[in-house]
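Text of the file my_file-v8.cif, holding mmCIF, C-alpha atoms and all ligand atoms:
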data_work
loop_
_atom_site.label_atom_id
_atom_site.label_comp_id
_atom_site.auth_asym_id
_atom_site.auth_seq_id
_atom_site.Cartn_x
_atom_site.Cartn_y
_atom_site.Cartn_z
CA MET P 1 18.25 64.32 149.73
CA LYS P 2 18.75 66.19 146.48
CA LYS P 3 20.77 64.28 143.92
CA ILE P 4 23.84 65.96 142.43
CA PRO P 5 23.29 65.59 138.65
CA TYR P 6 26.11 64.63 136.28
CA GLY P 7 25.71 67.93 134.45
CA ARG P 8 23.48 70.97 134.36
CA GLN P 9 23.17 74.53 133.08
CA TRP P 10 24.06 77.77 134.83
CA ILE P 11 21.51 80.49 134.09
CA ASP P 12 21.86 83.75 136.01
CA SER P 13 19.62 86.82 136.38
CA LYS P 14 21.35 88.64 133.49
CA ASP P 15 20.50 85.73 131.15
CA ILE P 16 16.88 85.88 132.28
CA LYS P 17 16.67 89.66 131.85
CA GLU P 18 17.94 89.43 128.26
CA VAL P 19 15.42 86.73 127.34
CA VAL P 20 12.52 88.69 128.83
CA LYS P 21 13.56 91.78 126.86
CA VAL P 22 13.27 89.88 123.58
CA LEU P 23 9.91 88.39 124.56
CA LYS P 24 8.54 91.94 124.76
CA THR P 25 9.60 92.84 121.19
CA ASP P 26 7.93 92.10 117.84
CA TRP P 27 10.58 89.62 116.74
CA LEU P 28 10.48 86.21 118.39
CA THR P 29 12.25 84.21 115.74
CA GLN P 30 14.87 84.52 112.99
CA GLY P 31 15.51 88.20 113.69
CA LEU P 32 18.58 90.25 114.48
CA LYS P 33 19.55 88.27 117.58
CA VAL P 34 20.18 85.15 115.51
CA ALA P 35 22.70 86.95 113.31
CA GLU P 36 24.29 88.59 116.35
CA PHE P 37 24.69 85.23 118.08
CA GLU P 38 26.25 83.72 114.95
CA LYS P 39 28.72 86.59 114.70
CA LYS P 40 29.74 86.30 118.37
CA LEU P 41 30.12 82.52 118.18
CA ALA P 42 32.20 82.67 114.98
CA GLU P 43 34.41 85.33 116.57
CA TYR P 44 34.89 83.29 119.74
CA CYS P 45 35.91 80.21 117.72
CA LYS P 46 37.87 82.20 115.10
CA ALA P 47 35.82 80.68 112.27
CA GLU P 48 34.58 82.63 109.22
CA TYR P 49 30.93 81.62 109.42
CA ALA P 50 28.44 80.23 111.92
CA VAL P 51 24.87 79.14 111.25
CA ALA P 52 22.63 78.72 114.29
CA VAL P 53 20.14 75.85 114.14
CA SER P 54 17.58 74.22 116.41
CA SER P 55 19.85 71.52 117.89
CA GLY P 56 23.23 69.86 117.66
CA THR P 57 21.51 67.02 115.85
CA ALA P 58 20.07 69.41 113.24
CA ALA P 59 23.58 70.85 112.87
CA LEU P 60 24.99 67.36 112.18
CA HIS P 61 22.21 66.63 109.69
CA LEU P 62 22.80 69.82 107.70
CA ALA P 63 26.57 69.30 107.87
CA CYS P 64 26.16 65.84 106.32
CA ILE P 65 23.94 67.27 103.56
CA VAL P 66 26.33 70.05 102.56
CA ALA P 67 29.20 67.55 102.71
CA GLY P 68 27.29 65.71 100.00
CA ILE P 69 26.56 62.49 101.91
CA LYS P 70 24.11 60.43 99.84
CA GLN P 71 22.66 56.92 99.60
CA ARG P 72 25.29 54.22 100.17
CA ASP P 73 28.13 56.66 100.88
CA GLU P 74 30.37 55.64 103.75
CA VAL P 75 31.26 57.98 106.59
CA ILE P 76 33.94 57.14 109.12
CA THR P 77 33.20 57.87 112.78
CA THR P 78 33.53 56.52 116.32
CA PRO P 79 31.18 54.10 118.08
CA LEU P 80 31.80 55.95 121.38
CA THR P 81 29.60 59.02 120.98
CA PHE P 82 26.03 60.14 121.47
CA VAL P 83 23.80 58.35 118.97
CA ALA P 84 22.97 61.59 117.10
CA THR P 85 26.41 61.50 115.44
CA ALA P 86 25.61 58.28 113.55
CA ASN P 87 21.89 58.95 113.15
CA ALA P 88 22.69 62.07 111.12
CA ILE P 89 24.69 59.97 108.65
CA VAL P 90 21.77 57.54 108.39
CA TYR P 91 19.32 60.43 107.73
CA CYS P 92 21.23 61.03 104.48
CA GLY P 93 21.23 57.35 103.52
CA GLY P 94 24.89 56.96 104.42
CA LYS P 95 26.59 54.11 106.27
CA PRO P 96 28.45 54.93 109.47
CA VAL P 97 31.73 53.04 109.33
CA PHE P 98 33.02 52.83 112.87
CA VAL P 99 36.67 52.91 113.87
CA ASP P 100 37.88 51.94 117.35
CA VAL P 101 39.10 54.57 119.82
CA GLU P 102 42.45 55.38 121.41
CA LYS P 103 42.86 53.81 124.84
CA ASP P 104 43.74 57.07 126.62
CA THR P 105 41.79 59.90 124.93
CA LEU P 106 38.91 57.59 123.92
CA ASN P 107 38.72 59.51 120.65
CA ILE P 108 38.76 57.91 117.19
CA ASP P 109 42.17 56.33 116.61
CA PRO P 110 43.76 58.05 113.58
CA LYS P 111 46.01 55.02 113.02
CA GLU P 112 42.94 52.86 112.39
CA ILE P 113 41.10 55.23 110.04
CA GLU P 114 42.99 54.49 106.84
CA LYS P 115 42.22 50.75 107.05
CA LYS P 116 38.50 51.55 106.75
CA ILE P 117 38.67 53.88 103.76
CA THR P 118 37.08 52.53 100.56
CA LYS P 119 35.98 54.02 97.23
CA LYS P 120 32.64 54.85 98.87
CA THR P 121 34.11 56.87 101.76
CA LYS P 122 33.06 60.52 101.63
CA ALA P 123 33.86 62.01 105.00
CA ILE P 124 35.28 61.53 108.49
CA VAL P 125 33.25 62.61 111.52
CA PRO P 126 35.60 62.75 114.52
CA VAL P 127 33.99 63.44 117.90
CA ASP P 128 35.76 65.32 120.70
CA PHE P 129 34.76 62.89 123.43
CA ALA P 130 34.19 64.45 126.87
CA GLY P 131 35.48 67.75 125.44
CA HIS P 132 38.95 66.38 124.67
CA PRO P 133 39.80 67.35 121.08
CA CYS P 134 40.76 64.60 118.64
CA ASP P 135 44.19 64.45 117.10
CA LEU P 136 42.96 66.76 114.34
CA CYS P 137 46.28 67.15 112.50
CA GLU P 138 46.64 63.41 112.04
CA ILE P 139 43.05 63.14 110.85
CA LYS P 140 43.54 66.06 108.46
CA LYS P 141 46.57 64.39 106.88
CA ILE P 142 44.50 61.28 106.14
CA ALA P 143 41.54 63.33 104.86
CA LYS P 144 43.80 65.28 102.51
CA LYS P 145 45.47 62.17 101.15
CA HIS P 146 42.11 60.53 100.34
CA ASN P 147 40.21 63.69 99.43
CA LEU P 148 37.67 63.38 102.27
CA LEU P 149 35.82 66.09 104.16
CA ILE P 150 36.04 66.38 107.94
CA ILE P 151 32.90 67.16 109.95
CA GLU P 152 34.01 67.61 113.55
CA ASP P 153 31.32 66.78 116.09
CA ALA P 154 32.44 69.22 118.77
CA ALA P 155 29.08 69.16 120.60
CA GLN P 156 31.04 68.48 123.80
CA ALA P 157 34.01 70.72 123.05
CA LEU P 158 32.93 74.36 122.75
CA GLY P 159 35.84 76.32 124.23
CA SER P 160 38.29 73.41 124.08
CA GLU P 161 41.69 74.12 122.52
CA TYR P 162 44.03 72.12 120.32
CA SER P 163 47.59 72.54 119.18
CA PRO P 164 49.22 70.34 116.59
CA PRO P 165 51.33 67.70 118.35
CA HIS P 166 54.48 65.99 117.13
CA GLN P 167 56.09 69.28 116.09
CA LYS P 168 59.79 69.81 116.25
CA PHE P 169 59.53 72.18 119.19
CA GLY P 170 56.95 70.25 121.19
CA VAL P 171 53.48 71.61 121.57
CA GLY P 172 52.59 74.75 119.62
CA VAL P 173 50.16 77.53 120.43
CA LYS P 174 46.72 76.19 121.28
CA LYS P 175 43.72 77.40 119.29
CA LYS P 176 40.00 77.13 119.99
CA ILE P 177 38.07 74.32 118.34
CA GLY P 178 35.88 75.59 115.51
CA SER P 179 38.08 76.21 112.48
CA PHE P 180 40.27 73.10 112.19
CA ALA P 181 37.79 70.94 110.29
CA ASP P 182 35.89 71.71 107.06
CA ILE P 183 32.76 71.84 109.19
CA THR P 184 32.46 71.92 113.00
CA ILE P 185 29.22 71.49 114.91
CA PHE P 186 28.25 72.48 118.46
CA SER P 187 25.27 71.79 120.72
CA PHE P 188 23.68 74.09 123.27
CA HIS P 189 21.73 71.48 125.20
CA PRO P 190 21.67 72.27 128.96
CA VAL P 191 24.53 69.89 129.82
CA LYS P 192 26.90 71.36 127.21
CA THR P 193 29.40 74.24 127.70
CA ILE P 194 26.71 76.89 127.20
CA THR P 195 22.99 76.47 126.70
CA MET P 196 20.01 77.94 124.90
CA GLY P 197 17.60 75.24 126.12
CA GLU P 198 17.92 73.52 122.77
CA GLY P 199 20.18 74.74 120.03
CA GLY P 200 23.13 74.02 117.80
CA ALA P 201 25.47 75.62 115.30
CA VAL P 202 27.44 74.74 112.20
CA LEU P 203 30.78 76.53 111.72
CA THR P 204 32.80 76.64 108.53
CA ASN P 205 35.32 78.74 106.62
CA LYS P 206 33.78 77.80 103.29
CA LYS P 207 31.42 80.41 101.86
CA ASP P 208 29.51 77.98 99.62
CA PHE P 209 28.77 75.71 102.59
CA TYR P 210 27.62 78.74 104.58
CA GLU P 211 25.17 79.85 101.88
CA LYS P 212 23.74 76.33 101.52
CA LEU P 213 23.37 75.90 105.28
CA LYS P 214 21.33 79.08 105.61
CA ILE P 215 18.95 77.96 102.87
CA LEU P 216 18.61 74.41 104.21
CA ARG P 217 17.68 75.48 107.75
CA HIS P 218 14.82 77.55 106.30
CA HIS P 219 12.89 75.03 104.13
CA GLY P 220 15.24 75.38 101.16
CA ILE P 221 13.74 78.77 100.31
CA VAL P 222 15.72 80.80 97.76
CA LYS P 223 14.52 84.36 97.24
CA ASN P 224 14.53 85.72 93.72
CA SER P 225 13.84 89.39 94.23
CA GLY P 226 13.36 90.31 90.56
CA LYS P 227 10.04 88.49 90.45
CA GLY P 228 8.09 90.20 93.26
CA GLY P 229 8.31 90.49 97.02
CA TRP P 230 6.40 87.27 97.69
CA TYR P 231 8.32 85.14 95.23
CA TYR P 232 10.69 82.33 96.10
CA GLU P 233 11.96 79.09 94.70
CA ILE P 234 12.82 75.67 96.11
CA GLU P 235 15.72 73.90 94.46
CA ASN P 236 16.20 71.39 97.26
CA PRO P 237 13.65 70.83 100.00
CA GLY P 238 15.13 71.97 103.30
CA TYR P 239 13.94 71.86 106.90
CA ASN P 240 12.64 74.11 109.61
CA TYR P 241 15.76 74.02 111.76
CA ARG P 242 15.54 77.67 112.84
CA LEU P 243 16.30 79.00 116.30
CA THR P 244 14.30 81.68 118.06
CA ASP P 245 15.57 85.14 118.95
CA PHE P 246 14.95 84.57 122.65
CA GLN P 247 17.15 81.47 122.51
CA CYS P 248 19.87 83.35 120.64
CA VAL P 249 19.86 86.23 123.09
CA LEU P 250 20.36 83.67 125.84
CA GLY P 251 23.23 82.28 123.77
CA ILE P 252 24.80 85.75 123.42
CA SER P 253 24.58 86.22 127.17
CA GLN P 254 26.06 82.75 127.78
CA ILE P 255 28.98 83.21 125.34
CA LYS P 256 30.33 85.92 127.64
CA LYS P 257 30.67 83.29 130.35
CA ILE P 258 32.27 80.41 128.40
CA ASP P 259 35.75 81.05 129.75
CA LYS P 260 34.48 81.35 133.32
CA PHE P 261 32.49 78.13 132.95
CA ILE P 262 35.49 76.26 131.57
CA LYS P 263 37.77 77.57 134.30
CA LYS P 264 35.38 76.12 136.88
CA ARG P 265 35.11 72.83 135.01
CA ARG P 266 38.88 72.55 134.85
CA GLU P 267 39.27 73.29 138.56
CA ILE P 268 36.85 70.49 139.41
CA ALA P 269 38.66 68.08 137.06
CA VAL P 270 41.97 68.90 138.77
CA LYS P 271 40.40 68.21 142.17
CA TYR P 272 39.07 64.84 141.00
CA ASN P 273 42.40 63.93 139.38
CA GLU P 274 44.17 64.71 142.63
CA ALA P 275 41.61 62.92 144.83
CA PHE P 276 41.58 59.69 142.82
CA LYS P 277 45.20 59.45 141.71
CA ASP P 278 46.11 56.91 144.40
CA ILE P 279 42.91 54.89 144.20
CA LYS P 280 44.03 51.84 142.24
CA GLU P 281 40.45 50.77 141.44
CA ILE P 282 39.87 53.98 139.43
CA ILE P 283 41.38 55.19 136.16
CA THR P 284 40.91 58.93 135.75
CA PRO P 285 40.39 60.52 132.30
CA ALA P 286 43.45 61.65 130.38
CA GLU P 287 44.27 65.09 129.04
CA LYS P 288 46.98 65.21 126.38
CA LYS P 289 49.57 67.99 126.33
CA TYR P 290 48.37 69.13 122.92
CA VAL P 291 44.88 70.05 124.16
CA LYS P 292 43.06 72.11 126.72
CA SER P 293 39.80 70.30 127.39
CA ALA P 294 36.52 72.02 128.23
CA TRP P 295 35.82 68.94 130.42
CA HIS P 296 32.27 68.39 129.24
CA ILE P 297 32.13 65.29 131.45
CA TYR P 298 34.45 63.46 133.84
CA PRO P 299 34.33 59.77 132.85
CA ILE P 300 36.28 57.45 135.13
CA GLN P 301 36.91 53.75 134.52
CA LEU P 302 36.46 51.16 137.25
CA CYS P 303 39.10 48.44 137.42
CA LEU P 304 36.51 45.70 137.80
CA GLU P 305 39.15 43.03 138.38
CA LYS P 306 40.00 44.78 141.64
CA LEU P 307 36.37 45.03 142.80
CA ASN P 308 33.99 42.31 144.00
CA VAL P 309 30.87 43.83 142.40
CA ASP P 310 30.00 44.91 138.87
CA ARG P 311 29.62 48.44 137.46
CA LYS P 312 25.83 48.31 137.81
CA LYS P 313 26.12 47.78 141.58
CA ILE P 314 28.54 50.72 141.94
CA PHE P 315 26.25 52.87 139.76
CA GLU P 316 23.19 52.05 141.85
CA THR P 317 24.97 52.48 145.18
CA LEU P 318 26.22 55.94 144.17
CA GLN P 319 22.79 56.93 142.84
CA LYS P 320 21.22 55.89 146.16
CA GLN P 321 23.69 58.08 148.00
CA GLY P 322 22.77 61.15 145.97
CA ILE P 323 25.53 61.05 143.37
CA GLY P 324 23.91 61.33 139.93
CA VAL P 325 26.46 59.26 138.02
CA GLN P 326 25.84 58.37 134.36
CA VAL P 327 27.41 56.23 131.63
CA HIS P 328 28.70 57.94 128.47
CA HIS P 329 27.98 56.60 126.00
CA MET P 330 26.06 53.49 125.02
CA LEU P 331 28.07 52.19 122.06
CA ILE P 332 26.31 52.88 118.77
CA HIS P 333 27.35 49.72 116.92
CA LEU P 334 25.56 47.63 119.55
CA PHE P 335 22.15 49.29 119.22
CA PRO P 336 19.69 46.85 117.54
CA PHE P 337 19.18 49.13 114.51
CA TYR P 338 22.91 49.40 113.78
CA GLN P 339 23.50 45.68 114.31
CA LYS P 340 20.62 44.69 112.01
CA LYS P 341 21.10 47.28 109.30
CA PHE P 342 24.89 47.29 109.05
CA GLY P 343 25.90 43.94 110.56
CA TYR P 344 27.89 45.24 113.52
CA LYS P 345 28.33 42.95 116.50
CA LYS P 346 29.88 42.65 119.92
CA GLY P 347 33.64 42.35 119.69
CA ASP P 348 34.01 44.67 116.68
CA PHE P 349 35.62 47.49 118.66
CA PRO P 350 37.41 45.99 121.66
CA ILE P 351 38.88 49.20 123.10
CA ALA P 352 35.58 51.08 123.06
CA GLU P 353 33.80 48.00 124.44
CA ARG P 354 36.28 47.53 127.29
CA TYR P 355 35.93 51.20 128.17
CA TYR P 356 32.13 51.00 128.08
CA GLN P 357 32.05 48.03 130.48
CA ARG P 358 33.97 50.02 133.06
CA ALA P 359 32.80 53.59 132.46
CA LEU P 360 31.16 55.85 135.00
CA THR P 361 30.66 59.60 134.62
CA LEU P 362 30.96 61.62 137.81
CA PRO P 363 29.08 64.92 138.27
CA LEU P 364 30.88 67.94 136.80
CA PHE P 365 29.27 71.28 135.99
CA PRO P 366 30.41 74.87 136.58
CA LYS P 367 27.80 75.68 139.19
CA MET P 368 28.90 72.78 141.39
CA THR P 369 29.85 73.96 144.88
CA ASP P 370 33.04 72.93 146.69
CA LYS P 371 30.83 71.06 149.12
CA GLU P 372 29.24 69.06 146.30
CA VAL P 373 32.64 68.24 144.79
CA ASP P 374 33.88 67.06 148.20
CA LYS P 375 30.76 64.97 148.68
CA VAL P 376 31.28 63.22 145.32
CA ILE P 377 34.92 62.50 146.21
CA ASN P 378 34.10 61.18 149.68
CA VAL P 379 31.17 59.02 148.65
CA VAL P 380 33.01 57.55 145.65
CA LYS P 381 36.03 56.72 147.81
CA LYS P 382 33.84 55.15 150.47
CA VAL P 383 31.87 53.03 148.00
CA ILE P 384 35.03 51.85 146.22
CA LYS P 385 36.57 50.91 149.56
CA ARG P 386 33.49 48.95 150.56
CA TYR P 387 33.64 46.83 147.40
CA GLN P 388 37.37 46.44 146.90
CA LYS P 389 38.71 42.91 146.76
C1 LIG H 1 24.86 66.49 122.68
C2 LIG H 1 25.47 65.83 121.52
C3 LIG H 1 24.86 65.82 120.26
C4 LIG H 1 23.45 66.29 120.01
O1 LIG H 1 23.17 67.57 120.36
P1 LIG H 1 21.64 68.04 120.60
O2 LIG H 1 21.76 69.51 120.71
O3 LIG H 1 21.18 67.38 121.86
O4 LIG H 1 20.86 67.61 119.42
C5 LIG H 1 25.56 65.29 119.20
N1 LIG H 1 26.79 64.76 119.36
C6 LIG H 1 27.39 64.72 120.56
C7 LIG H 1 28.76 64.14 120.66
C8 LIG H 1 26.75 65.24 121.68
O5 LIG H 1 27.36 65.18 122.87
#

Written as structure tokens, how would this file's structure read?
Amino acid sequence: MKKIPYGRQWIDSKDIKEVVKVLKTDWLTQGLKVAEFEKKLAEYCKAEYAVAVSSGTAALHLACIVAGIKQRDEVITTPLTFVATANAIVYCGGKPVFVDVEKDTLNIDPKEIEKKITKKTKAIVPVDFAGHPCDLCEIKKIAKKHNLLIIEDAAQALGSEYSPPHQKFGVGVKKKIGSFADITIFSFHPVKTITMGEGGAVLTNKKDFYEKLKILRHHGIVKNSGKGGWYYEIENPGYNYRLTDFQCVLGISQIKKIDKFIKKRREIAVKYNEAFKDIKEIITPAEKKYVKSAWHIYPIQLCLEKLNVDRKKIFETLQKQGIGVQVHHMLIHLFPFYQKKFGYKKGDFPIAERYYQRALTLPLFPKMTDKEVDKVINVVKKVIKRYQK
């Protein structure tokens, strides 16, 4: 029996044809396709500039550098994210200062942010968990008041939309994620909205950030054309975070399908919401009126008090029956490194911790067939019924 994975890419014959075309040319890396991909991505997200890099993690690292994160600076973020978010802060010598999440969206709780701001705080890194955008307006108000930069980790939210809430006339017009924060990053790992195998991008409206990002992804090389064709200088050592042309051409081909992919993801989410709404042992993920989520994942919560087994047993039973469930994410403050280095401990973030204990991600990806969706629904219902109190 083939397991239904929690997420996977959708590559079609057009994607493959485009990649093969590039492989037959003279330019395999850092050629015209990179610039073309960046232009298309920036246009899609309505941002001024995009810089394509080798992964979402590389994008976060460069974002932290251009934001000026240095030794002993503090950066506010959420413990409920993929570990790369906090690792990038650590790469720069910074301290990730975690803030607990909202109970419904599971995103960083804006009401808690201000309590953690000190003289050392340099930036806020909100993460759009599961593709659901953070309350960006509230976060922006706090950032402005304290003169902090916002680096939005939107690795899970390419194609998601946000409209400022709490306005006089209700919810305003929704806009794509990508230009709300000072810097926004995306990932193109196979489970994300679109893929290039590996890949990432940094988006910004600030020209000086854009120029620095381009230099940093290419070793820190600054050309000085007056001194000869071979000549360059290094003011700050950078990295090799470049992407290849055959990856970018795949990205260009995939961008055309973002809206189709998200439509499929949203249809599956609606089906799940409907199927599980009367199952009292399951809490389905929320979607606020002020967003349109790209539904990167579909994380449910098990009401363990209504079940006679633990989450591990449910996880293993579903896995055995061909449902490739996952848990997103392991909480960062509880990893040994983060406990030892920064003194975090169990109990620090009760809402995130309660969520984590009960979390289970069900399969959701655009290429999922109706039959697969039905199978997930039926098996989950059956397993829950078997173990209900
Ligand atoms: C996937 C992901 C990343 C890392 O992206 P890579 O391309 O795998 O390096 C960072 N942050 C979040 C929230 C992610 O989901």

Between atom CA of His146 of chain P and atom CA of Ile117 of chain P, measure the distance and give it in Å to one decimal. 8.2 Å

At a cut-off of 7 Å around ligand LIG 1 (chain H), and using only C-alpha atoms and all ligand atoms, what residues come up? Please write them as a PyMOL selection string. chain P and resi 55-58+81-82+84-85+127+129+153-156+187-189+192+198-200

Go through P:Leu62, P:Met368, P:Val383, P:Ile183 one by one, measure the shortest atom-to-atom distance of each to Ala47 of chain P using all atoms listed in the file, and give the residue with the smallest value. P:Ile183

Might you pull out every residue within 7 Å of Asn308 of chain P, with all atoms listed in the file counted and same-chain residues fewer than 3 positions away left off, and present them as a ChimeraX atom specification? /P:387-389

Compute the distance from (27.3, 83.0, 118.4) to each atom, counting all atoms listed in the file, keep the residues with any atom at most 10 Å away, and return them as a CSV table (one decimal) with C-alpha atoms, in the coordinates of the input; use the coordinates of the file.
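Result written to result04.csv:
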chain,number,residue,atom,x,y,z
P,33,LYS,CA,19.6,88.3,117.6
P,34,VAL,CA,20.2,85.2,115.5
P,35,ALA,CA,22.7,87.0,113.3
P,36,GLU,CA,24.3,88.6,116.4
P,37,PHE,CA,24.7,85.2,118.1
P,38,GLU,CA,26.2,83.7,115.0
P,39,LYS,CA,28.7,86.6,114.7
P,40,LYS,CA,29.7,86.3,118.4
P,41,LEU,CA,30.1,82.5,118.2
P,42,ALA,CA,32.2,82.7,115.0
P,43,GLU,CA,34.4,85.3,116.6
P,44,TYR,CA,34.9,83.3,119.7
P,45,CYS,CA,35.9,80.2,117.7
P,49,TYR,CA,30.9,81.6,109.4
P,50,ALA,CA,28.4,80.2,111.9
P,51,VAL,CA,24.9,79.1,111.2
P,52,ALA,CA,22.6,78.7,114.3
P,200,GLY,CA,23.1,74.0,117.8
P,201,ALA,CA,25.5,75.6,115.3
P,203,LEU,CA,30.8,76.5,111.7
P,248,CYS,CA,19.9,83.4,120.6
P,249,VAL,CA,19.9,86.2,123.1
P,251,GLY,CA,23.2,82.3,123.8
P,252,ILE,CA,24.8,85.8,123.4
P,253,SER,CA,24.6,86.2,127.2
P,254,GLN,CA,26.1,82.8,127.8
P,255,ILE,CA,29.0,83.2,125.3

Residues at most 10 Å from Asp128 of chain P, counting all atoms listed in the file, excluding those fewer than 4 positions away in the same chain, as a list of chain:residue names?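 Once the nearby chain positions are removed, what remains is P:Thr81, P:Thr105, P:Leu106, P:Asn107, P:Ile108, P:His132, P:Pro133, P:Cys134, P:Asp135, P:Leu136, P:Glu152, P:Asp153, P:Ala154, P:Ala155, P:Gln156, P:Ala157, P:Leu158, P:Ser160, P:Ile177, P:Ser293, P:His296.
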
With all atoms listed in the file as the counted atoms, please give the residues lying no more than 8 Å from segment 354-357 of chain P, apart from itself and same-chain residues fewer than 6 positions off, as an MDAnalysis selection string. chainID P and resid 301 311 327:331

To one decimal place, how far is atom CA of Cys64 of chain P from atom CA of Tyr298 of chain P in Å? 28.8 Å

What gap, in Å, lies between atom CA of Pro350 of chain P and atom CA of Ile139 of chain P?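 Going from atom CA of Pro350 of chain P over to atom CA of Ile139 of chain P, I get 21.0 Å.
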
Which neighbours of segment 267-279 of chain P fall inside 12 Å, counting all atoms listed in the file, when residues of the same chain fewer than 4 positions from it are skipped, and could you give them as a PyMOL selection string? chain P and resi 130+260-263+283-287+292-303+306-307+361-385+388

Given all atoms listed in the file as the basis, pick out the residue of P:Lys17, P:Arg386, P:Lys345, P:His218 nearest to Lys313 of chain P.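 Result for the nearest residue to Lys313 of chain P: P:Arg386.
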
Using all atoms listed in the file: which of P:Asn240, P:Thr317, P:Gln339, P:Gln247 has the shortest distance to Gly31 of chain P: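 Under the stated criterion, the closest residue is P:Gln247.
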
Exercise: Ile234 of chain P partners within 10 Å, all atoms listed in the file, chain neighbours under 4 positions left out, as JSON, numbers by chain: {"P": [215, 219, 220, 221, 222, 223, 238]}

Counting all atoms listed in the file, which of P:Trp27, P:Phe342, P:Tyr162, P:Phe209 gets nearest to Gly68 of chain P?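 Looking at the shortest contact to Gly68 of chain P, the residue is P:Phe209.
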
Which residue, P:Ala352, P:Leu32, P:Trp10, P:Thr193, has the smallest gap to Asp245 of chain P when you use all atoms listed in the file?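 Looking only at the distances to Asp245 of chain P, the closest residue turns out to be P:Leu32.
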
Pick from P:Lys206, P:Lys3, P:His61, P:Lys70 nearest to Tyr241 of chain P, counting all atoms listed in the file: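 Closest residue, counting all atoms listed in the file: P:His61.
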
Produce segment 69-73 of chain P of the given structure as output with all heavy atoms, as a PDB file, in the first residue's frame.
ATOM      1  N   ILE P  69      21.548  42.237  12.091  1.00  0.00           N
ATOM      2  CA  ILE P  69      21.604  41.423  13.315  1.00  0.00           C
ATOM      3  C   ILE P  69      23.058  41.043  13.596  1.00  0.00           C
ATOM      4  O   ILE P  69      23.738  40.482  12.730  1.00  0.00           O
ATOM      5  CB  ILE P  69      20.768  40.116  13.178  1.00  0.00           C
ATOM      6  CG1 ILE P  69      19.370  40.398  12.641  1.00  0.00           C
ATOM      7  CG2 ILE P  69      20.739  39.337  14.502  1.00  0.00           C
ATOM      8  CD1 ILE P  69      18.523  41.285  13.463  1.00  0.00           C
ATOM      9  N   LYS P  70      23.513  41.361  14.810  1.00  0.00           N
ATOM     10  CA  LYS P  70      24.906  41.090  15.186  1.00  0.00           C
ATOM     11  C   LYS P  70      24.960  40.418  16.549  1.00  0.00           C
ATOM     12  O   LYS P  70      23.931  40.229  17.189  1.00  0.00           O
ATOM     13  CB  LYS P  70      25.686  42.402  15.240  1.00  0.00           C
ATOM     14  CG  LYS P  70      25.827  43.050  13.874  1.00  0.00           C
ATOM     15  CD  LYS P  70      26.929  44.106  13.873  1.00  0.00           C
ATOM     16  CE  LYS P  70      27.016  44.743  12.500  1.00  0.00           C
ATOM     17  NZ  LYS P  70      25.841  45.601  12.219  1.00  0.00           N
ATOM     18  N   GLN P  71      26.184  40.085  16.970  1.00  0.00           N
ATOM     19  CA  GLN P  71      26.405  39.449  18.276  1.00  0.00           C
ATOM     20  C   GLN P  71      25.569  40.113  19.367  1.00  0.00           C
ATOM     21  O   GLN P  71      25.579  41.330  19.495  1.00  0.00           O
ATOM     22  CB  GLN P  71      27.897  39.575  18.672  1.00  0.00           C
ATOM     23  CG  GLN P  71      28.860  38.762  17.828  1.00  0.00           C
ATOM     24  CD  GLN P  71      28.694  37.266  18.040  1.00  0.00           C
ATOM     25  OE1 GLN P  71      28.323  36.817  19.113  1.00  0.00           O
ATOM     26  NE2 GLN P  71      28.939  36.491  16.986  1.00  0.00           N
ATOM     27  N   ARG P  72      24.867  39.268  20.120  1.00  0.00           N
ATOM     28  CA  ARG P  72      24.094  39.672  21.300  1.00  0.00           C
ATOM     29  C   ARG P  72      22.840  40.497  21.014  1.00  0.00           C
ATOM     30  O   ARG P  72      22.152  40.905  21.929  1.00  0.00           O
ATOM     31  CB  ARG P  72      24.981  40.377  22.338  1.00  0.00           C
ATOM     32  CG  ARG P  72      25.846  39.381  23.113  1.00  0.00           C
ATOM     33  CD  ARG P  72      26.750  40.054  24.129  1.00  0.00           C
ATOM     34  NE  ARG P  72      27.885  40.688  23.483  1.00  0.00           N
ATOM     35  CZ  ARG P  72      28.965  40.010  23.058  1.00  0.00           C
ATOM     36  NH1 ARG P  72      29.053  38.724  23.240  1.00  0.00           N
ATOM     37  NH2 ARG P  72      29.966  40.638  22.474  1.00  0.00           N
ATOM     38  N   ASP P  73      22.540  40.752  19.736  1.00  0.00           N
ATOM     39  CA  ASP P  73      21.254  41.395  19.428  1.00  0.00           C
ATOM     40  C   ASP P  73      20.126  40.409  19.727  1.00  0.00           C
ATOM     41  O   ASP P  73      20.314  39.197  19.641  1.00  0.00           O
ATOM     42  CB  ASP P  73      21.187  41.770  17.936  1.00  0.00           C
ATOM     43  CG  ASP P  73      22.027  42.990  17.623  1.00  0.00           C
ATOM     44  OD1 ASP P  73      22.392  43.720  18.575  1.00  0.00           O
ATOM     45  OD2 ASP P  73      22.324  43.216  16.439  1.00  0.00           O
TER      46      ASP P  73
END
